[in-house]
Each structure stands twice: as C-alpha cells, then as structure tokens.
>>> print(open('structure10.pdb').read())   # PDB, C-alpha atoms
MODEL        1
ATOM      1  CA  MET V   3     -47.890  -9.272 158.538
ATOM      2  CA  ARG V   4     -51.620  -9.365 159.301
ATOM      3  CA  PHE V   5     -54.174 -11.634 157.700
ATOM      4  CA  ASN V   6     -57.658 -10.630 156.540
ATOM      5  CA  LEU V   7     -61.135 -12.090 156.265
ATOM      6  CA  LYS V   8     -60.798 -12.903 152.557
ATOM      7  CA  GLN V   9     -57.805 -15.110 153.374
ATOM      8  CA  LEU V  10     -59.730 -16.906 156.121
ATOM      9  CA  GLU V  11     -62.710 -17.327 153.797
ATOM     10  CA  ALA V  12     -60.482 -18.845 151.109
ATOM     11  CA  PHE V  13     -58.923 -21.205 153.664
ATOM     12  CA  VAL V  14     -62.318 -22.453 154.854
ATOM     13  CA  TRP V  15     -63.718 -22.987 151.360
ATOM     14  CA  VAL V  16     -60.631 -24.766 150.050
ATOM     15  CA  ALA V  17     -60.740 -27.020 153.106
ATOM     16  CA  ASP V  18     -64.449 -27.758 152.656
ATOM     17  CA  LEU V  19     -64.370 -28.298 148.895
ATOM     18  CA  GLN V  20     -60.865 -29.818 148.797
ATOM     19  CA  SER V  21     -60.169 -27.864 145.663
ATOM     20  CA  PHE V  22     -58.604 -24.495 144.863
ATOM     21  CA  ARG V  23     -60.558 -24.356 141.595
ATOM     22  CA  ARG V  24     -63.938 -25.022 143.206
ATOM     23  CA  ALA V  25     -63.184 -22.552 145.994
ATOM     24  CA  ALA V  26     -62.388 -19.919 143.367
ATOM     25  CA  GLU V  27     -65.694 -20.610 141.618
ATOM     26  CA  ARG V  28     -67.538 -20.432 144.934
ATOM     27  CA  LEU V  29     -65.975 -17.080 145.819
ATOM     28  CA  ASN V  30     -66.306 -15.653 142.302
ATOM     29  CA  THR V  31     -62.593 -15.142 141.843
ATOM     30  CA  THR V  32     -59.670 -16.841 140.118
ATOM     31  CA  GLN V  33     -57.620 -19.807 141.224
ATOM     32  CA  PRO V  34     -54.398 -17.707 141.385
ATOM     33  CA  ASN V  35     -56.192 -15.308 143.747
ATOM     34  CA  ILE V  36     -57.167 -18.183 146.023
ATOM     35  CA  SER V  37     -53.604 -19.495 145.975
ATOM     36  CA  ALA V  38     -52.292 -16.012 146.827
ATOM     37  CA  ARG V  39     -54.724 -15.677 149.725
ATOM     38  CA  ILE V  40     -53.737 -19.048 151.158
ATOM     39  CA  ALA V  41     -50.042 -18.245 150.748
ATOM     40  CA  GLY V  42     -50.541 -14.883 152.457
ATOM     41  CA  LEU V  43     -52.395 -16.498 155.344
ATOM     42  CA  GLU V  44     -49.701 -19.142 155.777
ATOM     43  CA  GLN V  45     -47.018 -16.459 155.785
ATOM     44  CA  ALA V  46     -48.906 -14.380 158.353
ATOM     45  CA  LEU V  47     -49.445 -17.385 160.631
ATOM     46  CA  GLY V  48     -45.984 -18.807 160.063
ATOM     47  CA  THR V  49     -47.212 -22.293 159.271
ATOM     48  CA  THR V  50     -48.249 -24.559 156.390
ATOM     49  CA  LEU V  51     -52.000 -25.069 156.338
ATOM     50  CA  MET V  52     -52.395 -27.487 153.440
ATOM     51  CA  THR V  53     -50.558 -29.463 150.824
ATOM     52  CA  ARG V  54     -51.461 -30.147 147.205
ATOM     53  CA  ASP V  55     -50.698 -33.510 145.648
ATOM     54  CA  ALA V  56     -51.852 -34.673 142.210
ATOM     55  CA  GLY V  57     -54.785 -32.278 142.230
ATOM     56  CA  SER V  58     -55.954 -33.141 145.743
ATOM     57  CA  VAL V  59     -55.791 -30.851 148.760
ATOM     58  CA  ARG V  60     -54.967 -32.084 152.253
ATOM     59  CA  LEU V  61     -54.863 -30.092 155.450
ATOM     60  CA  THR V  62     -51.797 -30.410 157.594
ATOM     61  CA  GLY V  63     -52.197 -31.185 161.272
ATOM     62  CA  LYS V  64     -51.888 -27.496 162.040
ATOM     63  CA  GLY V  65     -54.349 -26.686 159.280
ATOM     64  CA  GLN V  66     -56.894 -29.016 160.866
ATOM     65  CA  ASP V  67     -56.386 -27.324 164.232
ATOM     66  CA  LEU V  68     -56.763 -23.818 162.815
ATOM     67  CA  LEU V  69     -59.774 -24.567 160.601
ATOM     68  CA  THR V  70     -62.159 -24.536 163.558
ATOM     69  CA  HIS V  71     -60.768 -21.202 164.710
ATOM     70  CA  ALA V  72     -61.112 -19.751 161.205
ATOM     71  CA  ARG V  73     -64.771 -20.747 161.141
ATOM     72  CA  ARG V  74     -65.313 -19.073 164.502
ATOM     73  CA  VAL V  75     -63.789 -15.831 163.276
ATOM     74  CA  LEU V  76     -66.068 -15.797 160.217
ATOM     75  CA  ASP V  77     -69.084 -16.693 162.371
ATOM     76  CA  ALA V  78     -68.201 -13.889 164.786
ATOM     77  CA  THR V  79     -68.024 -11.460 161.882
ATOM     78  CA  ASP V  80     -71.499 -12.536 160.749
ATOM     79  CA  ALA V  81     -72.750 -12.128 164.323
ATOM     80  CA  LEU V  82     -71.272  -8.634 164.506
ATOM     81  CA  VAL V  83     -73.074  -7.569 161.323
ATOM     82  CA  ALA V  84     -76.321  -9.125 162.587
ATOM     83  CA  ALA V  85     -76.020  -7.406 165.973
ATOM     84  CA  ALA V  86     -75.488  -4.085 164.229
ATOM     85  CA  ASP V  87     -78.573  -4.827 162.079
ATOM     86  CA  GLN V  88     -76.585  -4.002 158.967
ATOM     87  CA  LYS V  89     -77.481  -6.856 156.632
ATOM     88  CA  SER V  90     -77.058  -4.451 153.736
ATOM     89  CA  LEU V  91     -73.306  -4.839 154.311
ATOM     90  CA  ILE V  92     -73.419  -8.535 153.456
ATOM     91  CA  GLU V  93     -72.532  -9.367 149.890
ATOM     92  CA  GLY V  94     -71.778 -12.543 147.993
ATOM     93  CA  THR V  95     -73.731 -15.282 146.269
ATOM     94  CA  LEU V  96     -76.412 -17.567 147.671
ATOM     95  CA  ARG V  97     -76.581 -20.785 145.667
ATOM     96  CA  LEU V  98     -80.232 -21.693 145.954
ATOM     97  CA  GLY V  99     -81.875 -24.906 144.781
ATOM     98  CA  VAL V 100     -85.650 -25.252 144.434
ATOM     99  CA  THR V 101     -88.087 -27.721 142.951
ATOM    100  CA  GLU V 102     -90.441 -26.764 140.167
ATOM    101  CA  MET V 103     -93.506 -26.568 142.421
ATOM    102  CA  ILE V 104     -91.944 -23.636 144.284
ATOM    103  CA  VAL V 105     -91.110 -21.884 141.005
ATOM    104  CA  HIS V 106     -94.808 -21.845 140.102
ATOM    105  CA  THR V 107     -96.067 -20.735 143.522
ATOM    106  CA  TRP V 108     -94.086 -18.445 145.854
ATOM    107  CA  LEU V 109     -90.526 -18.259 144.467
ATOM    108  CA  ARG V 110     -91.004 -14.757 143.055
ATOM    109  CA  ALA V 111     -92.202 -13.394 146.405
ATOM    110  CA  TYR V 112     -89.327 -15.142 148.143
ATOM    111  CA  LEU V 113     -86.671 -13.631 145.873
ATOM    112  CA  ARG V 114     -88.187 -10.172 146.368
ATOM    113  CA  GLN V 115     -88.055 -10.602 150.142
ATOM    114  CA  LEU V 116     -84.452 -11.797 150.009
ATOM    115  CA  LYS V 117     -83.530  -8.746 147.967
ATOM    116  CA  GLN V 118     -85.176  -6.479 150.500
ATOM    117  CA  VAL V 119     -83.349  -8.032 153.451
ATOM    118  CA  TYR V 120     -79.997  -8.577 151.689
ATOM    119  CA  PRO V 121     -79.834  -5.939 148.928
ATOM    120  CA  ARG V 122     -76.225  -6.787 147.974
ATOM    121  CA  LEU V 123     -76.733 -10.540 147.860
ATOM    122  CA  SER V 124     -76.790 -12.318 144.492
ATOM    123  CA  VAL V 125     -78.843 -15.481 144.066
ATOM    124  CA  GLU V 126     -77.698 -18.260 141.761
ATOM    125  CA  LEU V 127     -80.794 -20.348 141.130
ATOM    126  CA  THR V 128     -80.980 -24.069 140.327
ATOM    127  CA  VAL V 129     -84.342 -25.685 139.518
ATOM    128  CA  ASP V 130     -84.193 -29.465 139.637
ATOM    129  CA  PHE V 131     -85.624 -32.665 141.085
ATOM    130  CA  SER V 132     -85.373 -32.976 144.837
ATOM    131  CA  VAL V 133     -82.943 -35.891 144.594
ATOM    132  CA  ASN V 134     -80.525 -33.777 142.560
ATOM    133  CA  LEU V 135     -80.838 -30.833 144.939
ATOM    134  CA  GLU V 136     -79.963 -33.155 147.797
ATOM    135  CA  LYS V 137     -76.816 -34.202 145.942
ATOM    136  CA  GLY V 138     -75.922 -30.546 145.379
ATOM    137  CA  LEU V 139     -76.199 -29.876 149.105
ATOM    138  CA  ALA V 140     -73.926 -32.813 149.890
ATOM    139  CA  GLU V 141     -71.332 -31.623 147.365
ATOM    140  CA  ARG V 142     -71.678 -28.025 148.610
ATOM    141  CA  SER V 143     -72.522 -26.724 145.150
ATOM    142  CA  LEU V 144     -75.749 -25.500 146.800
ATOM    143  CA  ASP V 145     -76.045 -23.496 150.010
ATOM    144  CA  LEU V 146     -79.773 -23.918 150.526
ATOM    145  CA  ALA V 147     -82.326 -26.324 149.064
ATOM    146  CA  LEU V 148     -86.082 -25.840 149.233
ATOM    147  CA  GLN V 149     -87.173 -29.385 148.488
ATOM    148  CA  ASN V 150     -89.630 -32.144 149.232
ATOM    149  CA  GLU V 151     -89.202 -35.533 150.841
ATOM    150  CA  PRO V 152     -88.019 -38.268 150.795
ATOM    151  CA  PHE V 153     -84.363 -37.647 151.661
ATOM    152  CA  SER V 154     -81.508 -40.132 151.609
ATOM    153  CA  ARG V 155     -78.996 -37.838 153.328
ATOM    154  CA  LEU V 156     -79.196 -36.022 156.640
ATOM    155  CA  ALA V 157     -78.977 -32.230 156.751
ATOM    156  CA  THR V 158     -77.757 -30.538 159.937
ATOM    157  CA  GLY V 159     -80.062 -27.622 159.175
ATOM    158  CA  GLN V 160     -83.651 -28.475 158.297
ATOM    159  CA  ILE V 161     -86.796 -26.370 158.767
ATOM    160  CA  GLU V 162     -90.239 -27.599 157.771
ATOM    161  CA  ILE V 163     -91.942 -25.406 155.184
ATOM    162  CA  GLY V 164     -95.250 -27.239 154.924
ATOM    163  CA  ALA V 165     -97.259 -29.867 153.080
ATOM    164  CA  TYR V 166     -98.766 -29.366 149.634
ATOM    165  CA  GLU V 167    -101.841 -31.368 148.684
ATOM    166  CA  LEU V 168    -101.957 -33.199 145.356
ATOM    167  CA  ILE V 169    -105.203 -33.276 143.393
ATOM    168  CA  TRP V 170    -106.580 -34.737 140.180
ATOM    169  CA  VAL V 171    -107.463 -32.119 137.541
ATOM    170  CA  ALA V 172    -108.688 -32.104 133.968
ATOM    171  CA  SER V 173    -110.245 -29.828 131.401
ATOM    172  CA  PRO V 174    -114.026 -29.594 131.908
ATOM    173  CA  ASP V 175    -114.430 -30.174 128.166
ATOM    174  CA  VAL V 176    -112.712 -33.555 128.403
ATOM    175  CA  VAL V 177    -113.999 -34.722 131.797
ATOM    176  CA  PRO V 178    -117.385 -33.136 132.579
ATOM    177  CA  GLU V 179    -117.948 -35.462 135.545
ATOM    178  CA  ASP V 180    -117.016 -34.315 139.046
ATOM    179  CA  THR V 181    -116.102 -37.830 140.185
ATOM    180  CA  LEU V 182    -114.209 -40.592 138.396
ATOM    181  CA  THR V 183    -113.848 -44.260 139.259
ATOM    182  CA  ILE V 184    -110.461 -45.901 138.833
ATOM    183  CA  GLU V 185    -111.732 -47.500 135.618
ATOM    184  CA  ALA V 186    -112.792 -44.117 134.201
ATOM    185  CA  LEU V 187    -109.541 -42.545 135.341
ATOM    186  CA  ALA V 188    -107.473 -45.295 133.700
ATOM    187  CA  ALA V 189    -109.317 -44.680 130.431
ATOM    188  CA  GLN V 190    -107.681 -41.238 130.221
ATOM    189  CA  PRO V 191    -103.982 -40.466 129.684
ATOM    190  CA  ILE V 192    -102.505 -39.848 133.138
ATOM    191  CA  LEU V 193    -100.180 -36.842 133.166
ATOM    192  CA  THR V 194     -97.711 -37.042 136.000
ATOM    193  CA  HIS V 195     -94.167 -36.229 137.116
ATOM    194  CA  ALA V 196     -91.011 -37.798 135.693
ATOM    195  CA  ARG V 197     -89.996 -41.404 136.201
ATOM    196  CA  ASP V 198     -87.972 -42.096 139.357
ATOM    197  CA  THR V 199     -89.804 -39.351 141.253
ATOM    198  CA  ARG V 200     -91.869 -40.223 144.298
ATOM    199  CA  LEU V 201     -95.049 -38.920 142.664
ATOM    200  CA  TYR V 202     -94.665 -41.073 139.555
ATOM    201  CA  GLU V 203     -93.869 -44.168 141.601
ATOM    202  CA  GLU V 204     -96.965 -43.740 143.790
ATOM    203  CA  VAL V 205     -99.239 -43.269 140.775
ATOM    204  CA  ALA V 206     -97.707 -46.241 138.966
ATOM    205  CA  ALA V 207     -98.063 -48.443 142.048
ATOM    206  CA  TYR V 208    -101.699 -47.444 142.504
ATOM    207  CA  PHE V 209    -102.706 -48.547 139.020
ATOM    208  CA  ALA V 210    -100.404 -51.593 139.072
ATOM    209  CA  ALA V 211    -102.543 -53.026 141.876
ATOM    210  CA  ARG V 212    -105.333 -53.433 139.316
ATOM    211  CA  ARG V 213    -103.951 -55.954 136.839
ATOM    212  CA  ASP V 214    -107.088 -55.704 134.701
ATOM    213  CA  LEU V 215    -106.321 -52.044 133.904
ATOM    214  CA  SER V 216    -103.791 -50.728 131.404
ATOM    215  CA  PRO V 217    -103.537 -46.981 132.030
ATOM    216  CA  CYS V 218    -101.372 -44.766 129.836
ATOM    217  CA  LEU V 219     -99.003 -42.939 132.166
ATOM    218  CA  VAL V 220     -97.450 -39.843 130.584
ATOM    219  CA  PRO V 221     -94.462 -38.760 132.703
ATOM    220  CA  SER V 222     -92.878 -35.352 132.263
ATOM    221  CA  THR V 223     -89.813 -33.704 133.788
ATOM    222  CA  ASN V 224     -91.800 -30.453 133.786
ATOM    223  CA  LEU V 225     -94.917 -30.145 135.937
ATOM    224  CA  ALA V 226     -95.861 -26.932 134.141
ATOM    225  CA  ALA V 227     -96.007 -28.962 130.917
ATOM    226  CA  CYS V 228     -98.423 -31.393 132.596
ATOM    227  CA  GLN V 229    -100.507 -28.416 133.669
ATOM    228  CA  THR V 230    -100.608 -26.969 130.146
ATOM    229  CA  MET V 231    -101.372 -30.347 128.590
ATOM    230  CA  SER V 232    -104.272 -30.890 130.982
ATOM    231  CA  VAL V 233    -105.678 -27.417 130.173
ATOM    232  CA  ASP V 234    -105.446 -28.357 126.479
ATOM    233  CA  GLY V 235    -107.454 -31.531 127.124
ATOM    234  CA  MET V 236    -104.641 -34.024 126.672
ATOM    235  CA  GLY V 237    -105.343 -36.032 129.809
ATOM    236  CA  VAL V 238    -106.004 -36.067 133.525
ATOM    237  CA  ALA V 239    -103.168 -34.717 135.675
ATOM    238  CA  ILE V 240    -102.127 -35.178 139.283
ATOM    239  CA  LEU V 241    -100.616 -31.868 140.421
ATOM    240  CA  PRO V 242    -100.067 -29.762 143.545
ATOM    241  CA  ALA V 243    -103.267 -27.864 144.323
ATOM    242  CA  ALA V 244    -101.260 -24.662 144.831
ATOM    243  CA  MET V 245    -100.013 -24.846 141.235
ATOM    244  CA  VAL V 246    -103.433 -25.117 139.614
ATOM    245  CA  ALA V 247    -105.501 -22.917 141.932
ATOM    246  CA  GLN V 248    -105.760 -20.094 139.388
ATOM    247  CA  ASP V 249    -106.700 -22.449 136.532
ATOM    248  CA  ILE V 250    -109.458 -23.930 138.684
ATOM    249  CA  GLN V 251    -110.676 -20.463 139.604
ATOM    250  CA  THR V 252    -110.882 -19.387 135.968
ATOM    251  CA  GLY V 253    -112.494 -22.647 134.891
ATOM    252  CA  ALA V 254    -109.610 -23.747 132.663
ATOM    253  CA  LEU V 255    -109.344 -26.838 134.867
ATOM    254  CA  LYS V 256    -111.633 -28.596 137.287
ATOM    255  CA  GLN V 257    -110.751 -30.730 140.281
ATOM    256  CA  ILE V 258    -111.742 -34.365 139.901
ATOM    257  CA  ASP V 259    -112.881 -36.233 142.992
ATOM    258  CA  HIS V 260    -111.340 -39.672 143.257
ATOM    259  CA  ALA V 261    -111.057 -42.162 146.097
ATOM    260  CA  TRP V 262    -107.242 -41.965 146.144
ATOM    261  CA  THR V 263    -104.552 -39.310 145.781
ATOM    262  CA  PRO V 264    -100.818 -39.546 146.429
ATOM    263  CA  GLU V 265     -99.450 -38.392 149.758
ATOM    264  CA  PRO V 266     -98.956 -34.614 150.040
ATOM    265  CA  LEU V 267     -95.525 -33.220 149.174
ATOM    266  CA  HIS V 268     -93.750 -32.260 152.392
ATOM    267  CA  PHE V 269     -91.274 -29.428 151.836
ATOM    268  CA  PHE V 270     -88.282 -28.380 153.909
ATOM    269  CA  ALA V 271     -85.587 -25.721 153.803
ATOM    270  CA  ARG V 272     -82.308 -27.662 154.133
ATOM    271  CA  TYR V 273     -78.716 -26.522 154.564
ATOM    272  CA  ASP V 274     -75.441 -27.289 156.340
ATOM    273  CA  ALA V 275     -75.924 -25.635 159.733
ATOM    274  CA  GLU V 276     -72.387 -26.490 160.847
ATOM    275  CA  ARG V 277     -70.538 -24.806 157.966
ATOM    276  CA  ALA V 278     -72.929 -22.429 156.209
ATOM    277  CA  PRO V 279     -72.768 -18.671 156.872
ATOM    278  CA  ARG V 280     -75.439 -17.154 159.095
ATOM    279  CA  LEU V 281     -77.247 -15.647 156.106
ATOM    280  CA  VAL V 282     -78.109 -19.155 154.841
ATOM    281  CA  ALA V 283     -80.063 -19.896 158.017
ATOM    282  CA  ASP V 284     -81.723 -16.492 157.677
ATOM    283  CA  ALA V 285     -82.623 -17.277 154.059
ATOM    284  CA  ALA V 286     -84.173 -20.581 155.169
ATOM    285  CA  ALA V 287     -86.275 -18.812 157.802
ATOM    286  CA  ILE V 288     -87.408 -16.230 155.237
ATOM    287  CA  ALA V 289     -88.514 -19.053 152.921
ATOM    288  CA  VAL V 290     -90.688 -20.544 155.657
ATOM    289  CA  GLN V 291     -92.334 -17.190 156.346
ATOM    290  CA  VAL V 292     -92.965 -16.432 152.665
ATOM    291  CA  ALA V 293     -94.480 -19.900 152.169
ATOM    292  CA  GLN V 294     -96.793 -19.373 155.153
ATOM    293  CA  ASP V 295     -97.875 -15.980 153.808
ATOM    294  CA  PHE V 296     -98.592 -17.552 150.417
ATOM    295  CA  ASP V 297    -100.714 -20.304 151.990
ATOM    296  CA  GLN V 298    -102.743 -17.757 153.947
ATOM    297  CA  GLN V 299    -103.398 -15.676 150.845
ATOM    298  CA  SER V 300    -104.326 -18.654 148.657
TER     299      SER V 300
ENDMDL
END
>>> encode(input="structure10.pdb", output="structure tokens")
Amino acid sequence: MRFNLKQLEAFVWVADLQSFRRAAERLNTTQPNISARIAGLEQALGTTLMTRDAGSVRLTGKGQDLLTHARRVLDATDALVAAADQKSLIEGTLRLGVTEMIVHTWLRAYLRQLKQVYPRLSVELTVDFSVNLEKGLAERSLDLALQNEPFSRLATGQIEIGAYELIWVASPDVVPEDTLTIEALAAQPILTHARDTRLYEEVAAYFAARRDLSPCLVPSTNLAACQTMSVDGMGVAILPAAMVAQDIQTGALKQIDHAWTPEPLHFFARYDAERAPRLVADAAAIAVQVAQDFDQQS
C-alpha cells in the first residue's frame, strides 16, 4: 500500500499541534478524516507513529524519526511546484494576522497581490494587538503575522517591513495652532491606543514625568475610532502618519508640532521558518514589497 501527501500533511500537523482536532481544523477537514489518514500512513509504513492518551498525542520513537523525513517530502513538493513556476496549483488556507495600522494602510493591496500570485489560496484574517498575534504564532493558530515590536518570543522567520512615524493630529477647528506646548497638549483629551500597548505606555510615561499636569488619556482598542474622534474635534490624537495622511491632505486633520513623539512603530513579517510551508515565506516577502510600494506612493 502506498501513502500520499495528504497523509504526510496530516502526520506533520498532528505532530506540531499535538491534537487531531486542531489538525483537522487547520486542514479544513474532519477529525475522523485525520484519524483515517494517520491510520493509512501507519499501515503503509508498517509502524506506529503516535499514541493517544487522555486527549494528548505523543509521537513514538519511530514517529519522531520519520517526522523530519515527512517534512522534507512536503518541502520537496513545494520546491517542485516553485521550480515549475506553477503557484496556481497551490491551494489551502493562509492564516494571516495583522495589526490595525496595516488594515488602514496597505492590507487591501497586499491581499490583491496574494490573490494574483496564489489564486487558489484562501486567507483567514485576524486583526488584533501585536502581543496577541505573537501568541497566535507561538500556538500555530497563525501562519504569518505582520506586526510591530516589541516581541517577547523569537521567530525563526522574521523580515523587516519598515518603520512608521507617529504624529500628533487634531481638528483645525479645535486646535488652530501649529505648535503646542506640553501644558497646552495636556489641556486637551489625549486620544491614544489601548492600555497595555507600547504606544499607550509611552504616552502615559511622558505625561507622568510632569507631576503638575493631569492630562485626560482616552485609550481605545481601535485606532480608527481615535482617528474619527479627532476629526470630530473630541481631542488630540497620536497616530501613525500613514493612517491620517488623507485626512491631513483634505484638511479634516492637521499635524501638531510638539517637542516629543513616541518612537516609530517598527513592523516585521514573522513566521516559523523551520515548519511553515514555502508559501508562507513567499507571503512574507510579498508583504515587504507591497509595504515598500505603498511608502513610495504616499
């Protein structure tokens, strides 16, 4: 009896996720199908690859030995498709995680480019804080994260996307001045990112250094909400310049000069280079190129 690529794929994902259920979800099939594929592979190879005990999955010694070879076969298959320049043959799901800043800048162009290169690839999109995307990468619920620093976990695949400047903005009707002192800034509601984000912590620390000031910080889990609130005159916001470029151009917002701004947001495309399929690395490289094109056009 011969084995097939679907059986090898099931074996690798069950081993990585340590769960038949999660492997089934990852491969868009049912748990009985995954079990049947593993059983078929074991029968073809004449060995037991893994055992299940109280819901956990453990590889046997032979399973550990063969896992590396299974990865190589799948990698070789990806290489064959790439060498033939037939990316249209690749199908499946890319679980992509992005932060909100990317959603409001170049995500649309990126998804269009992905569709052009991989027409049969589906994208499952997660928009979340960078810290949560990092957790998703570690748990392998995400294949690729386009996220900003800081990171608490290492990623074996990491490509720098670029740095995005943060600026102070406000409605011209509320703040007609071009420059604000820290005292004038603190007199306005400060619209910023959610608590426990790097941006909020930097802003809070900046004003905390002046004990004589009592600014009203208005955190939001949605940067687009901060943008809308600032257009509506509800405060001064600190936002990525790329997000508000159009509002500044139309005059809905104006940039406020101030002596201090938070550090730029440094973005990276991050993935598991040791276990991810070749298309994930390709998708990361495409993200970098699309981001560069966006910066040049802005």
>>> resolve_selection(input="structure10.pdb", expression="the PyMOL selection byres ((chain V and resi 249) around 12)", output="ChimeraX atom specification")
/V:171-174,226,229-230,232-234,241,243-248,250-257
>>> resolve_selection(input="structure10.pdb", expression="the PyMOL selection byres ((chain V and resi 60) around 12)", output="number ranges by chain")
V: 13, 16-22, 50-59, 61-66
>>> closest_residue(input="structure10.pdb", among="V:Val133, V:Met103, V:Leu96, V:Leu148", to="Asp198 of chain V", atoms="all atoms listed in the file")
V:Val133
>>> resolve_selection(input="structure10.pdb", expression="the PyMOL selection byres ((chain V and resi 191) around 7)", output="PDB file with C-alpha atoms, keeping the file's coordinate frame")
ATOM      1  CA  ALA V 189    -109.317 -44.680 130.431  1.00  0.00           C
ATOM      2  CA  GLN V 190    -107.681 -41.238 130.221  1.00  0.00           C
ATOM      3  CA  ILE V 192    -102.505 -39.848 133.138  1.00  0.00           C
ATOM      4  CA  LEU V 193    -100.180 -36.842 133.166  1.00  0.00           C
ATOM      5  CA  PRO V 217    -103.537 -46.981 132.030  1.00  0.00           C
ATOM      6  CA  CYS V 218    -101.372 -44.766 129.836  1.00  0.00           C
ATOM      7  CA  LEU V 219     -99.003 -42.939 132.166  1.00  0.00           C
ATOM      8  CA  VAL V 220     -97.450 -39.843 130.584  1.00  0.00           C
ATOM      9  CA  GLY V 237    -105.343 -36.032 129.809  1.00  0.00           C
ATOM     10  CA  VAL V 238    -106.004 -36.067 133.525  1.00  0.00           C
TER      11      VAL V 238
END
>>> closest_residue(input="structure10.pdb", among="V:Ala86, V:Val14, V:Leu47, V:Ala271", to="Asp284 of chain V", atoms="only C-alpha atoms")
V:Ala271
>>> atom_distance(input="structure10.pdb", atom1="atom CA of Asp259 of chain V", atom2="atom CA of Asp180 of chain V")
6.0 Å
>>> atom_distance(input="structure10.pdb", atom1="atom CA of Ile92 of chain V", atom2="atom CA of Ala41 of chain V")
25.5 Å
